[in-house]
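Enquirer: If you scroll down you'll find the structure; I have some questions about it.
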Amino acid sequence: MVAGKAEEGGAGARAYWRANLRVMGVLLGIWFVASYGLGILLVEPLNRLQFFGFPLGFWMAQQGSIYIFVLLIFAYALWMDRLDRRYGVALEADSEAQEAGGDSG
Amino acid sequence: MEVRGWTYLLVALAFALYIGIALWSRARTTAGFYVAGRSVPALANGMATGADWMSAASFISMAGLISFMGYTGAIYLMGWTGGFVLLALLLAPYLRKYGKFTTPEFLGDRYYSQLARVVGALCTLFISFTYIAGQMRGVGVVFSRFLEVPVEFGVVIGMGIVLLYATVGGMRGVTYTQVAQYCVLIAAYLIPAAAISWKITGNPLPQFGFGGAVAEGPKAGLFLLEALDALHRELGLPEYTAAFVPGKKAMLDVLAITCALMVGTAGLPHVLIRFYTVPGPRAARWSALFALIFIALLYTTAPAVAAFARVNLIQSLDGVAYADAPPWFRSWEQTGLVEFHDLDGDGRIALGGGAQGALGELTVDRDIMVLANPEIAQLPAWIVALVAAGGLAAALSTAAGLLLVISSAISHDLGKSWLAPGLSERGELRLARSAAALAVIFAGAQGIWPLAYIGQVVAYAFGLAASSFFPALVLGIFWKRATREGAVAGMLCGIGFTAAYILWFKSGLFGAGPEHWLFGISPEGIGAMGMLLNFAIAIPVSLCTAPPPAAVQRLVEEIRLPDRSGA
């Protein structure tokens, strides 16, 4: 048990939810810029730059954005694990089953 | 051994494996049948989600589509992967925390309304049925091309296999079969791709070979994409890597389609239900990560395969005398997937000019880009056979996932909760199995006698999911003030507007053509507008109606915290 465990509707729960929304806002901002921004809206200017054998805009649209999506979910899963622990809201059965599932986060 | 012998061997082994797994992991309770007892480890669920998600369209058609679209193919690549970010951040952990069995059930509880649940169940059935017909057709096509049996026979075999393991195994059986199917399909995709990349660029990693230099031929030394752009210029076609030029989609349309596919991905019922099968919200987050990694393996390879196939096709055919065409051209010509029309009567294949989307004197079916690739690259027979097994795994795994969603919508959301409330657990399980069996027969019939509209409508399932489920689910979780009236009005207007727009342009009634597109958005992308319309109606209607009861507000607070057990 962690002291000050978040109760539904309590101050801890509200703080946890605000922290969660902040994490989401940052990650969805990057998601938007990487896909719609660099992959579509700015693709023509970026295509004038060379990135290895690719025009940069084309690479962002067909490769780079996908790698960024993977990194975003990875960052989310790690970050939320930290928030769960800090606010003491982690579900124990969930965490144990998870570790048996083979991830180290 | 010949290609056909290898194909029979690999397909028979794969089918035996799937059935074995289903018998071993048979479901005996409704929780086992609907959500695999919520005991699927995150890694296994990630693989199962990958197979569930990647259908015949991803495996067989996508690289070919990209090959003909160049840059614009990014709508599929970003759309069908970016949606997992929305799914992981906005939906998966909360729906898992809510628990229970289905997405319509969540809508019914959150919006304190049987109507919301029934509307949700009907949307689920509408979306899933349009999607599953394409899968059974894919099974039939693979059978007919590789095993040389009639399409109908292939569909019936496919139906039998899916029926057996989906109705006996339930979600538990389907989950572990999907894990095996993922392994088959990814091997079948990556091995030929690596071999072709090695051949053209000298680098076995397609993701890097894609940006490497061409190893031999007239364009040797140029970067692959430079060579491809040059080949397109020589033929008088828009450059491969160019965006928004005449002959390609406009920027706003690309934005709208990408958005509709992303949001639709996050709202597809058979993908959402996969996140009910893990032990908890934390496992749901990690399992979304594993799912996207497994999907990205195929999705970052596909655009490379598309570019290699394009170079191969142009270099091996343009200006070649018809009589000297390579052997693979002959064998696929027999299936009718490649056709040569000697317009200028000189006996040579000219790829330049011609109508938009065509290649001069050649008509090429997009599917050939993946299916014929191993032959074009002269790979050994067992690799060609592996592609057939991979295509079947992709189609069958998606069909099974859809069947379970259809069966739970019928037995749990329409049957047990509405039409037959007195049903016992055994009765409900029997109803679920019969619903799955009926759905297989319905899907198989559409695979054998495809209605003209079905093939077209499959692509629009995303728009329908985007405009109905996604806003209702997101508002339900993130806005406590969202009311029953707001959600139902939003869902009905969103899916109604989207379906009407698609039907209008697909039927061509009242002289509808691209010049009438709303803001230049094609029917593929209209789901993005449908989603905005859904939000734009749900929010003001919610504000004008009485706030949700206290119990519902507590439910929302509860699903936002990972640790409390469900109500």
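Naming scheme: A, B, ... for chains in displayed order of the structure tokens; residues 1 onward per chain; ligands 1 onward as shown.
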Which chain B residues have any atom within 7 Å of an atom of chain A, and for each, what is the nearest pair of atoms with distance in Å to one decimal, counting only C-alpha atoms, rows sorted by chain and number, as CSV?
Expert:
```
residue,atom,partner,partner_atom,distance
B:Pro41,CA,A:Gly101,CA,4.8
B:Ala42,CA,A:Gly101,CA,5.7
B:Leu43,CA,A:Gly101,CA,6.0
B:Tyr71,CA,A:Phe58,CA,6.3
B:Ala74,CA,A:Gln62,CA,5.3
B:Leu77,CA,A:Gln62,CA,6.3
B:Met78,CA,A:Ile66,CA,6.6
B:Thr81,CA,A:Ile66,CA,6.5
B:Gly82,CA,A:Phe69,CA,6.2
B:Val85,CA,A:Ile73,CA,6.2
B:Ala88,CA,A:Ile73,CA,6.8
B:Leu89,CA,A:Met24,CA,6.6
B:Gly211,CA,A:Gly53,CA,4.2
B:Gly212,CA,A:Gly53,CA,5.7
B:Phe223,CA,A:Gly53,CA,5.6
B:Leu225,CA,A:Phe54,CA,6.8
B:Thr241,CA,A:Phe58,CA,6.2
B:Ala243,CA,A:Glu44,CA,6.7
B:Leu255,CA,A:Tyr36,CA,6.8
B:Pro279,CA,A:Asp94,CA,5.4
B:Gly280,CA,A:Asp94,CA,4.9
B:Arg282,CA,A:Asp94,CA,6.4
B:Ala283,CA,A:Gln98,CA,5.7
B:Arg285,CA,A:Ala77,CA,5.6
B:Trp286,CA,A:Ala77,CA,5.9
B:Leu289,CA,A:Ile73,CA,5.5
B:Leu292,CA,A:Val70,CA,6.3
B:Ile293,CA,A:Val70,CA,6.3
B:Ala296,CA,A:Ile66,CA,6.7
B:Thr300,CA,A:Gln63,CA,5.8
B:Pro303,CA,A:Gln62,CA,6.7
B:Glu557,CA,A:Glu8,CA,6.2
B:Glu558,CA,A:Glu8,CA,6.4
B:Leu561,CA,A:Val89,CA,6.6
B:Pro562,CA,A:Val89,CA,6.0
B:Asp563,CA,A:Leu91,CA,4.4
```
Enquirer: What's around Ser58 in chain B at 9 Å? Count only C-alpha atoms, leave out sequence neighbours fewer than 3 positions away in its own chain, and write the answer as a list in words.
Expert: Trp53, Met54, Ser55, Ser61, Met62, Ala63, Leu298, Tyr299, Ala302 and Ala394 of chain B
Enquirer: Using only C-alpha atoms, which protein or nucleic acid residues come within 6 Å of Ala291 in chain B? Drop anything in the same chain fewer than 6 positions from it, and give the result as a ChimeraX atom specification.
Expert: /B:46-47,49-50
Enquirer: Interatomic distance between CA of Glu339 in chain B and CA of Thr363 in chain B?
Expert: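 Here the two named atoms are 5.0 Å from each other.
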